[in-house]
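Data file: structure_23.txt. Format and content: compact mmCIF, C-alpha atoms and all ligand atoms.
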# COMPACT_ATOMS: atom_id res chain seq x y z
CA MET A 1 24.49 8.03 197.38
CA ARG A 2 27.77 9.37 196.04
CA LYS A 3 28.60 13.02 196.63
CA LYS A 4 28.64 15.44 193.70
CA ILE A 5 31.73 17.61 193.31
CA THR A 6 31.79 20.34 190.68
CA LEU A 7 34.98 21.94 189.45
CA ILE A 8 34.43 25.34 187.83
CA GLY A 9 37.47 25.78 185.60
CA ALA A 10 39.03 22.71 184.02
CA GLY A 11 42.49 24.15 183.43
CA GLN A 12 45.72 23.13 185.13
CA ILE A 13 44.39 23.16 188.70
CA GLY A 14 40.92 21.92 187.68
CA GLY A 15 42.38 18.88 185.91
CA THR A 16 44.62 18.00 188.84
CA LEU A 17 41.70 18.41 191.26
CA ALA A 18 39.61 16.00 189.19
CA HIS A 19 42.39 13.42 189.12
CA LEU A 20 43.03 13.60 192.88
CA ILE A 21 39.31 13.44 193.68
CA ALA A 22 38.97 10.38 191.44
CA LEU A 23 41.94 8.61 193.02
CA LYS A 24 40.50 9.33 196.47
CA GLN A 25 36.97 8.40 195.33
CA LEU A 26 35.50 11.42 197.08
CA GLY A 27 32.49 11.58 194.77
CA ASP A 28 31.24 12.03 191.21
CA VAL A 29 32.97 14.87 189.38
CA VAL A 30 31.48 17.48 187.06
CA MET A 31 34.13 19.50 185.25
CA PHE A 32 32.74 22.83 184.00
CA ASP A 33 34.60 25.20 181.71
CA VAL A 34 33.65 27.93 179.25
CA VAL A 35 35.77 25.90 176.85
CA ALA A 36 33.60 22.77 176.94
CA GLY A 37 36.11 20.62 175.06
CA ILE A 38 38.76 21.01 177.77
CA ALA A 39 36.30 19.87 180.44
CA LYS A 40 34.99 16.98 178.35
CA GLY A 41 38.42 15.82 177.20
CA LYS A 42 39.95 15.84 180.69
CA ALA A 43 36.92 14.14 182.27
CA LEU A 44 37.05 11.38 179.66
CA ASP A 45 40.81 10.96 179.98
CA ILE A 46 40.64 10.59 183.78
CA ALA A 47 37.61 8.27 183.52
CA GLN A 48 39.62 6.02 181.21
CA SER A 49 42.19 5.55 183.99
CA SER A 50 39.53 4.11 186.34
CA PRO A 51 40.13 0.44 185.44
CA VAL A 52 43.86 0.88 186.08
CA ASN A 53 43.51 2.83 189.31
CA GLU A 54 40.36 1.01 190.37
CA PHE A 55 38.11 3.92 191.21
CA ASN A 56 34.39 3.84 190.72
CA ILE A 57 33.01 7.33 190.18
CA ASN A 58 31.44 9.19 187.26
CA LEU A 59 33.23 12.08 185.58
CA ILE A 60 31.65 14.40 183.04
CA GLY A 61 32.67 17.62 181.31
CA THR A 62 30.25 20.44 180.50
CA ASP A 63 29.73 24.14 179.84
CA LYS A 64 26.18 24.12 181.21
CA TYR A 65 25.44 25.12 184.79
CA GLU A 66 22.36 22.86 184.91
CA ASP A 67 24.73 19.87 184.86
CA THR A 68 26.27 21.14 188.11
CA LYS A 69 22.87 21.27 189.86
CA ASP A 70 22.74 20.26 193.54
CA SER A 71 26.49 19.87 193.98
CA ASP A 72 27.72 19.07 197.48
CA VAL A 73 31.08 20.77 196.90
CA ILE A 74 32.16 23.29 194.28
CA ILE A 75 35.81 24.17 193.75
CA ILE A 76 36.45 27.27 191.66
CA THR A 77 39.57 27.85 189.61
CA ALA A 78 37.95 29.73 186.74
CA GLY A 79 40.12 32.68 185.83
CA VAL A 80 43.47 33.54 184.39
CA PRO A 81 46.75 32.61 186.07
CA ARG A 82 49.82 34.83 186.41
CA LYS A 83 52.48 35.39 183.79
CA PRO A 84 56.12 35.87 184.82
CA GLY A 85 56.61 39.23 186.52
CA MET A 86 52.93 39.62 187.48
CA THR A 87 51.66 39.71 191.05
CA ARG A 88 48.42 37.98 192.01
CA ASP A 89 46.88 41.43 192.44
CA ASP A 90 47.43 42.16 188.74
CA LEU A 91 44.74 39.55 188.00
CA LEU A 92 42.03 41.46 189.87
CA GLY A 93 40.14 43.16 187.00
CA VAL A 94 39.81 40.16 184.73
CA ASN A 95 39.16 37.54 187.42
CA LEU A 96 36.56 39.72 189.15
CA LYS A 97 34.41 39.65 186.00
CA ILE A 98 34.82 35.88 185.68
CA ILE A 99 33.91 35.30 189.32
CA LYS A 100 30.72 37.31 188.89
CA GLN A 101 29.60 34.96 186.09
CA VAL A 102 30.51 31.94 188.20
CA ALA A 103 28.62 33.30 191.24
CA ASP A 104 25.49 33.75 189.11
CA GLY A 105 25.83 30.24 187.73
CA ILE A 106 26.32 28.36 191.00
CA SER A 107 24.08 30.30 193.39
CA LYS A 108 20.90 29.36 191.51
CA THR A 109 21.78 25.72 190.89
CA SER A 110 23.64 24.67 194.06
CA PRO A 111 22.44 26.81 196.98
CA ASN A 112 23.59 24.24 199.57
CA ALA A 113 27.11 23.58 198.30
CA PHE A 114 30.34 24.08 200.22
CA VAL A 115 32.25 26.41 197.91
CA ILE A 116 36.04 26.54 197.85
CA CYS A 117 37.61 29.34 195.85
CA ILE A 118 41.15 29.09 194.48
CA THR A 119 41.08 31.88 191.87
CA ASN A 120 43.48 34.75 192.59
CA PRO A 121 43.90 37.33 194.04
CA LEU A 122 42.44 34.92 196.54
CA ASP A 123 41.19 36.87 199.55
CA VAL A 124 39.45 39.54 197.50
CA ILE A 125 38.06 37.13 194.91
CA VAL A 126 36.54 34.87 197.59
CA MET A 127 35.00 37.93 199.27
CA ALA A 128 33.54 39.06 195.94
CA LEU A 129 32.28 35.54 195.26
CA GLN A 130 30.40 35.49 198.57
CA LYS A 131 28.87 38.92 197.90
CA TYR A 132 27.92 38.19 194.29
CA SER A 133 26.45 34.77 195.10
CA GLY A 134 24.76 35.60 198.41
CA LEU A 135 25.69 32.08 199.61
CA PRO A 136 26.19 31.71 203.38
CA LYS A 137 29.56 32.99 204.63
CA ASN A 138 30.35 29.73 206.43
CA LYS A 139 29.91 27.85 203.15
CA VAL A 140 32.18 30.08 201.03
CA VAL A 141 35.86 29.77 201.79
CA GLY A 142 39.22 30.38 200.10
CA MET A 143 42.19 28.06 199.64
CA ALA A 144 45.56 29.67 200.37
CA GLY A 145 46.81 28.99 203.89
CA ILE A 146 47.17 25.23 203.42
CA LEU A 147 49.29 25.81 200.32
CA ASP A 148 51.45 28.53 201.89
CA SER A 149 51.92 26.42 205.03
CA SER A 150 52.78 23.37 202.96
CA ARG A 151 55.43 25.33 201.06
CA PHE A 152 56.91 26.64 204.33
CA ILE A 153 57.01 23.16 205.89
CA TYR A 154 58.57 21.66 202.76
CA PHE A 155 61.35 24.29 202.67
CA LEU A 156 62.04 23.79 206.40
CA SER A 157 62.18 20.03 205.94
CA GLN A 158 64.70 20.39 203.11
CA GLU A 159 66.88 22.76 205.12
CA LEU A 160 66.80 20.76 208.36
CA ASN A 161 66.70 17.31 206.80
CA VAL A 162 63.61 16.41 208.84
CA PRO A 163 60.61 14.59 207.31
CA VAL A 164 57.69 16.90 206.57
CA GLN A 165 55.48 14.80 208.86
CA LYS A 166 57.62 15.89 211.86
CA ILE A 167 57.07 19.59 211.24
CA LYS A 168 54.03 21.52 212.44
CA SER A 169 53.49 25.05 211.27
CA PHE A 170 51.14 27.34 209.45
CA VAL A 171 51.02 30.61 207.60
CA LEU A 172 48.24 33.15 208.09
CA GLY A 173 47.03 36.46 206.65
CA GLY A 174 46.45 37.35 203.02
CA HIS A 175 47.67 35.15 200.16
CA GLY A 176 50.39 37.53 199.00
CA ASP A 177 53.71 39.00 200.02
CA SER A 178 52.22 40.08 203.35
CA MET A 179 51.45 36.50 204.53
CA VAL A 180 52.70 35.71 208.05
CA ALA A 181 54.60 32.56 209.04
CA MET A 182 53.56 31.79 212.62
CA LEU A 183 56.91 31.05 214.24
CA ASP A 184 55.53 30.72 217.78
CA PHE A 185 53.38 27.86 216.47
CA THR A 186 56.13 26.19 214.44
CA GLU A 187 57.58 22.97 215.84
CA ILE A 188 60.23 20.69 214.41
CA GLU A 189 60.23 17.22 215.95
CA GLY A 190 58.35 18.71 218.90
CA LYS A 191 60.81 21.57 219.41
CA LYS A 192 59.90 25.23 218.89
CA ILE A 193 61.65 26.69 215.88
CA ASN A 194 62.82 29.72 217.88
CA GLN A 195 64.63 27.31 220.21
CA LEU A 196 66.44 25.75 217.25
CA VAL A 197 67.50 29.24 216.22
CA SER A 198 68.78 30.14 219.70
CA GLU A 199 70.66 26.84 219.87
CA GLY A 200 72.33 27.75 216.56
CA LYS A 201 70.83 24.71 214.75
CA LEU A 202 69.06 26.99 212.30
CA LYS A 203 70.62 30.34 211.40
CA LYS A 204 68.25 33.30 211.76
CA GLU A 205 69.26 34.51 208.27
CA LYS A 206 68.45 31.08 206.83
CA LEU A 207 65.02 31.10 208.51
CA ASN A 208 64.34 34.58 207.15
CA ALA A 209 65.34 33.42 203.67
CA ILE A 210 62.92 30.46 203.93
CA ILE A 211 60.09 32.78 205.02
CA GLU A 212 60.87 35.05 202.06
CA ARG A 213 60.95 32.07 199.68
CA THR A 214 57.58 30.91 201.03
CA LYS A 215 56.04 34.34 200.39
CA LYS A 216 57.33 34.21 196.83
CA GLY A 217 56.70 30.46 196.46
CA GLY A 218 54.11 30.92 193.72
CA ALA A 219 56.20 33.44 191.76
CA GLU A 220 59.21 31.08 191.78
CA ILE A 221 57.11 28.46 189.99
CA VAL A 222 55.55 30.99 187.58
CA LYS A 223 59.08 31.97 186.58
CA PHE A 224 60.11 28.37 185.91
CA LEU A 225 56.98 27.43 184.00
CA GLU A 226 56.92 30.63 181.90
CA LYS A 227 53.33 29.70 180.98
CA GLY A 228 50.83 29.34 183.83
CA SER A 229 51.26 29.00 187.57
CA ALA A 230 51.51 26.25 190.19
CA PHE A 231 48.86 23.57 190.09
CA TYR A 232 49.83 20.33 191.85
CA ALA A 233 50.21 21.77 195.36
CA PRO A 234 47.24 24.17 195.00
CA ALA A 235 45.02 21.27 193.89
CA ALA A 236 46.20 19.02 196.73
CA SER A 237 45.37 21.81 199.19
CA GLY A 238 41.88 22.33 197.73
CA VAL A 239 41.15 18.61 197.96
CA GLU A 240 42.20 18.59 201.63
CA MET A 241 39.48 21.17 202.35
CA ALA A 242 36.84 19.33 200.32
CA GLU A 243 37.62 16.02 202.03
CA CYS A 244 37.46 17.61 205.48
CA TYR A 245 33.97 18.92 204.70
CA LEU A 246 32.64 15.78 203.01
CA LYS A 247 33.90 13.47 205.77
CA ASP A 248 33.10 15.87 208.62
CA LEU A 249 36.71 15.61 209.84
CA LYS A 250 36.64 18.87 211.85
CA LYS A 251 40.36 19.44 211.27
CA GLN A 252 41.93 22.80 212.01
CA LEU A 253 43.12 24.19 208.67
CA PRO A 254 44.40 27.64 207.66
CA CYS A 255 41.87 28.99 205.13
CA ALA A 256 40.62 32.34 203.88
CA ALA A 257 37.48 32.73 205.97
CA TYR A 258 35.02 35.52 206.69
CA LEU A 259 36.00 37.52 209.76
CA ASN A 260 33.35 39.27 211.73
CA GLY A 261 35.29 40.72 214.65
CA GLN A 262 37.77 37.86 215.10
CA TYR A 263 41.40 38.96 215.04
CA ASN A 264 40.11 42.54 215.35
CA THR A 265 38.94 42.34 211.75
CA GLU A 266 35.43 43.21 210.59
CA ASN A 267 33.76 42.21 207.36
CA LEU A 268 36.75 40.82 205.49
CA TYR A 269 38.07 37.48 204.24
CA ALA A 270 41.62 36.57 205.31
CA GLY A 271 43.71 33.53 206.15
CA VAL A 272 43.06 32.24 209.68
CA PRO A 273 42.84 28.80 211.32
CA VAL A 274 39.33 27.39 211.00
CA ILE A 275 37.57 24.15 211.83
CA ILE A 276 36.03 22.57 208.73
CA GLY A 277 33.35 19.94 209.15
CA ALA A 278 29.92 19.05 207.82
CA GLY A 279 28.73 22.55 208.80
CA GLY A 280 31.30 24.21 206.54
CA VAL A 281 33.49 26.65 208.41
CA GLU A 282 32.30 25.64 211.86
CA LYS A 283 34.61 27.92 213.82
CA VAL A 284 37.31 30.53 213.42
CA VAL A 285 40.03 29.59 215.89
CA GLU A 286 41.46 32.63 217.67
CA LEU A 287 45.08 32.14 218.65
CA ASN A 288 47.04 34.16 221.15
CA LEU A 289 49.43 35.98 218.85
CA SER A 290 52.69 37.55 219.96
CA GLU A 291 53.04 41.32 219.55
CA GLN A 292 55.14 40.86 216.40
CA GLU A 293 52.70 38.35 214.90
CA LYS A 294 49.81 40.71 215.66
CA LYS A 295 51.60 43.55 213.90
CA ASP A 296 52.44 41.43 210.87
CA PHE A 297 48.89 40.07 210.70
CA GLU A 298 47.48 43.63 210.85
CA ASN A 299 49.76 44.62 207.97
CA SER A 300 48.53 41.70 205.97
CA ILE A 301 44.90 42.60 206.68
CA LYS A 302 45.64 46.14 205.51
CA ALA A 303 46.95 44.83 202.20
CA VAL A 304 43.77 42.76 201.69
CA GLN A 305 41.59 45.75 202.63
CA GLU A 306 43.38 47.98 200.13
CA LEU A 307 42.91 45.46 197.36
CA PHE A 308 39.23 45.15 198.22
CA GLU A 309 38.96 48.94 197.91
CA ALA A 310 40.49 48.60 194.43
CA ALA A 311 37.89 45.91 193.63
CA LYS A 312 35.10 48.27 194.72
CA LYS A 313 36.43 50.90 192.31
CA ILE A 314 36.24 48.37 189.48
CA ASP A 315 32.74 47.26 190.53
CA PRO A 316 30.92 49.72 192.83
CA SER A 317 28.17 47.14 193.44
CA LEU A 318 30.66 45.37 195.75
CA LYS A 319 29.85 47.26 198.93
N1 LIG A 401 33.76 30.11 183.66
C1 LIG A 401 34.34 28.90 183.73
N2 LIG A 401 35.63 28.68 183.41
C2 LIG A 401 36.34 29.74 182.98
C3 LIG A 401 35.80 31.03 182.89
C4 LIG A 401 34.43 31.20 183.24
N3 LIG A 401 33.84 32.39 183.16
N4 LIG A 401 36.78 31.86 182.44
C5 LIG A 401 37.88 31.13 182.28
N5 LIG A 401 37.63 29.83 182.60
C6 LIG A 401 38.53 28.68 182.56
C7 LIG A 401 39.52 28.71 181.41
O1 LIG A 401 38.93 28.31 180.19
C8 LIG A 401 40.60 27.74 181.90
O2 LIG A 401 40.41 26.42 181.41
O3 LIG A 401 39.34 28.63 183.72
C9 LIG A 401 40.44 27.76 183.44
C10 LIG A 401 41.67 28.26 184.17
O4 LIG A 401 42.68 27.34 183.97
P1 LIG A 401 44.23 27.75 183.79
O5 LIG A 401 44.32 28.89 182.83
O6 LIG A 401 44.98 26.50 183.50
O7 LIG A 401 44.63 28.31 185.24
P2 LIG A 401 45.00 27.50 186.58
O8 LIG A 401 46.46 27.30 186.64
O9 LIG A 401 44.11 26.33 186.72
O10 LIG A 401 44.66 28.62 187.67
C11 LIG A 401 43.35 29.14 187.83
O11 LIG A 401 43.67 29.68 190.15
O12 LIG A 401 45.57 29.74 191.52
C12 LIG A 401 44.69 30.47 190.73
O13 LIG A 401 46.10 32.27 189.95
C13 LIG A 401 45.39 31.11 189.55
O14 LIG A 401 43.58 32.60 189.10
C14 LIG A 401 44.24 31.41 188.67
C15 LIG A 401 43.30 30.22 188.88
Translate this file's structure into structure tokens.
Ligand code: APR
Amino acid sequence: MRKKITLIGAGQIGGTLAHLIALKQLGDVVMFDVVAGIAKGKALDIAQSSPVNEFNINLIGTDKYEDTKDSDVIIITAGVPRKPGMTRDDLLGVNLKIIKQVADGISKTSPNAFVICITNPLDVIVMALQKYSGLPKNKVVGMAGILDSSRFIYFLSQELNVPVQKIKSFVLGGHGDSMVAMLDFTEIEGKKINQLVSEGKLKKEKLNAIIERTKKGGAEIVKFLEKGSAFYAPAASGVEMAECYLKDLKKQLPCAAYLNGQYNTENLYAGVPVIIGAGGVEKVVELNLSEQEKKDFENSIKAVQELFEAAKKIDPSLK
């Protein structure tokens, strides 16, 4: 039987998710949106490309949660995106309310789904989603690290003129300005990035500028678009997580996962490497961080904690 994948939010990211999932034939797609017409129109449009692209799945659009019943995977992008000049944190109040409605809708109808949250501010929204829904912590996870890492690798590849496939790296911590590029785990054509810097093949200032650009990668696009925020790369990253779960690939991916003591962090969601397989988040991988990386990671955790405190002020039921 084909898998059932529900997309809550059929906006820019939701539409791209549906298209990618169709092209990859990962399963039947239900597009849900409070604006039913957007979900129905996009589902029909993508379905009409099936003879050309030769995929064989069903796509429907809806504004009724019963149509999402018994989903295997749910990807959430319901919420408002940033406008130029806004930070992700500025979205907290409005997106928190939306995520509460979504949590109510999905927890009753799809208690066994693997739920991937993309709505910003990511780490706090995914934590709120888990609390509001009561779904298991290993089945509720946030998409950020894959996107941030992908941006970092792309910028490095452009600077060094090396194909992206030859670069290994990842970015951890919160999905905001405090995110941490893991330089000790960054390799270009098998060579540590710090070695390239000491050999003078990559200037330290250039590397720092790339790290800065990665942190502000989303804002750069918001500024260009003027309306809305990035959607192609976020959708591709969300699909990578869904595919890993559905096909039990057990890949190590940087995701916003629940930490219960790992990385000296209790009761908080933040970006760490995890193994995703048929069991959801099967493991949080604990890396040996350098002193500097530890410090930067702690700073990032602090930023997420502070934002969660702000969320609790908005909704005291979020204990
Ligand atoms: N339930 C379902 N859908 C909702 C709800 C709700 N309660 N509230 C809003 N939506 C829908 C909107 O109608 C819209 O179609 O969510 C969709 C969001 O789409 P866009 O505005 O195009 O935003 P998008 O670029 O897809 O980003 C969505 O992901 O990366 C984050 O910061 C981004 O928080 C933003 C979210």
For chain A versus ligand LIG 401 (chain A), which residues have an atom no more than 9 Å away, and what is each residue's nearest atom pair and distance in Å rounded to one decimal, using all atoms listed in the file, chain-then-number order, as a Markdown table?
| residue | atom | partner | partner_atom | distance |
| --- | --- | --- | --- | --- |
| A:Ile8 | CA | A:LIG401 | C1 | 5.4 |
| A:Gly9 | CA | A:LIG401 | O3 | 3.9 |
| A:Ala10 | CA | A:LIG401 | O2 | 4.7 |
| A:Gly11 | CA | A:LIG401 | O4 | 3.2 |
| A:Gln12 | CA | A:LIG401 | O6 | 3.8 |
| A:Ile13 | CA | A:LIG401 | O9 | 3.7 |
| A:Gly14 | CA | A:LIG401 | O9 | 5.5 |
| A:Gly15 | CA | A:LIG401 | O9 | 7.7 |
| A:Thr16 | CA | A:LIG401 | O9 | 8.6 |
| A:Phe32 | CA | A:LIG401 | C1 | 6.3 |
| A:Asp33 | CA | A:LIG401 | N2 | 4.0 |
| A:Val34 | CA | A:LIG401 | C1 | 4.6 |
| A:Val35 | CA | A:LIG401 | O1 | 5.2 |
| A:Ala36 | CA | A:LIG401 | O1 | 8.3 |
| A:Ile38 | CA | A:LIG401 | O2 | 6.7 |
| A:Ala39 | CA | A:LIG401 | O2 | 7.8 |
| A:Asp63 | CA | A:LIG401 | C1 | 7.7 |
| A:Ile76 | CA | A:LIG401 | O11 | 7.8 |
| A:Thr77 | CA | A:LIG401 | C11 | 4.4 |
| A:Ala78 | CA | A:LIG401 | O3 | 3.5 |
| A:Gly79 | CA | A:LIG401 | C5 | 4.5 |
| A:Val80 | CA | A:LIG401 | O14 | 4.8 |
| A:Pro81 | CA | A:LIG401 | C14 | 3.8 |
| A:Arg82 | CA | A:LIG401 | O13 | 5.7 |
| A:Arg88 | CA | A:LIG401 | O13 | 6.5 |
| A:Leu91 | CA | A:LIG401 | O14 | 7.1 |
| A:Asn95 | CA | A:LIG401 | O14 | 6.8 |
| A:Lys97 | CA | A:LIG401 | N3 | 7.8 |
| A:Ile98 | CA | A:LIG401 | N3 | 4.4 |
| A:Ile99 | CA | A:LIG401 | N3 | 6.8 |
| A:Lys100 | CA | A:LIG401 | N3 | 8.2 |
| A:Gln101 | CA | A:LIG401 | N3 | 5.8 |
| A:Val102 | CA | A:LIG401 | N1 | 5.9 |
| A:Gly105 | CA | A:LIG401 | N1 | 8.9 |
| A:Cys117 | CA | A:LIG401 | O11 | 8.3 |
| A:Ile118 | CA | A:LIG401 | O11 | 5.0 |
| A:Thr119 | CA | A:LIG401 | O14 | 3.8 |
| A:Asn120 | CA | A:LIG401 | O14 | 4.1 |
| A:Pro121 | CA | A:LIG401 | O14 | 6.8 |
| A:Leu122 | CA | A:LIG401 | C12 | 7.7 |
| A:Met143 | CA | A:LIG401 | O12 | 9.0 |
| A:Ala144 | CA | A:LIG401 | O12 | 8.9 |
| A:Gly218 | CA | A:LIG401 | O12 | 8.9 |
| A:Gly228 | CA | A:LIG401 | O8 | 5.6 |
| A:Ser229 | CA | A:LIG401 | O8 | 5.2 |
| A:Ala230 | CA | A:LIG401 | O8 | 6.3 |
| A:Phe231 | CA | A:LIG401 | O8 | 5.6 |
| A:Pro234 | CA | A:LIG401 | O12 | 6.8 |
| A:Ala235 | CA | A:LIG401 | O12 | 8.8 |
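Atom pair atom CA of Val126 of chain A / atom CA of Glu226 of chain A: separated by 26.1 Å.
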Given only C-alpha atoms as the counted atoms, nearest of A:Met127, A:Val171, A:Ile21, A:Ile146 to Leu259 of chain A: A:Met127
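For Leu59 of chain A, the set of protein, DNA and RNA residues having any atom at most 8 Å away, when counting all atoms listed in the file and skipping those fewer than 5 positions along the same chain, is Asp28, Val29, Val30, Met31, Ala43, Leu44, Ile46 and Ala47 of chain A.
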Test item: which residues lie within 9 Å of (19.4, 27.5, 201.0) counting all atoms listed in the file, as a PyMOL selection string: chain A and resi 110-112+135-136
One decimal, in Å: what's the spacing between atom CA of Lys251 of chain A and atom CA of Gly277 of chain A? 7.3 Å
Selected residue, from A:Gly93, A:Gly261, A:Gly27, A:Pro273, that lies nearest to Lys313 of chain A when counting all atoms listed in the file: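 Among the listed residues, A:Gly93 lies closest to Lys313 of chain A.
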Rounded to one decimal, what separation in Å do you get between atom CA of Met1 of chain A and atom CA of Asp104 of chain A?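 For atom CA of Met1 of chain A relative to atom CA of Asp104 of chain A, the distance reads 27.0 Å.
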Would you pick out the contacts of Ile193 of chain A at 12 Å or less, using all atoms listed in the file, so that residues sharing its chain but fewer than 6 positions from it are not included, and give the list as an NGL selection string? :A and (153 or 156-157 or 160 or 167-169 or 181-187 or 199-204 or 207)
Pick the closest to Lys295 of chain A from A:Gly173, A:Ala257, A:Glu205, A:Thr214: which is it, counting all atoms listed in the file? A:Gly173
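Nearest to Ala22 of chain A of all the residues A:Asn56, A:Lys40, A:Ile301, A:Glu189 is A:Asn56, based on only C-alpha atoms.
Nearest to Gln262 of chain A of all the residues A:Val285, A:Leu129, A:Lys108, A:Leu246 is A:Val285, based on all atoms listed in the file.
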Between A:Lys42, A:Lys206, A:Lys137, A:Lys294, which one has atoms that come closest to Val115 of chain A, using all atoms listed in the file? A:Lys137
Just need the box for segment 144-163 of chain A, edges along x, y and z, holding every atom the file lists for it with 6 Å tacked onto each side, so centre and edge lengths in Å to one decimal, as AutoDock Vina command-line options.
--center_x 56.2 --center_y 22.1 --center_z 204.6 --size_x 33.3 --size_y 27.1 --size_z 20.5
Tell me, as an NGL selection string, which residues lie within 12 Å of Ala113 of chain A, counting all atoms listed in the file; anything in the same chain fewer than 2 positions away does not count. :A and (3-7 or 68-75 or 106-111 or 115-116 or 133 or 135-141 or 242 or 245-246 or 278-280)
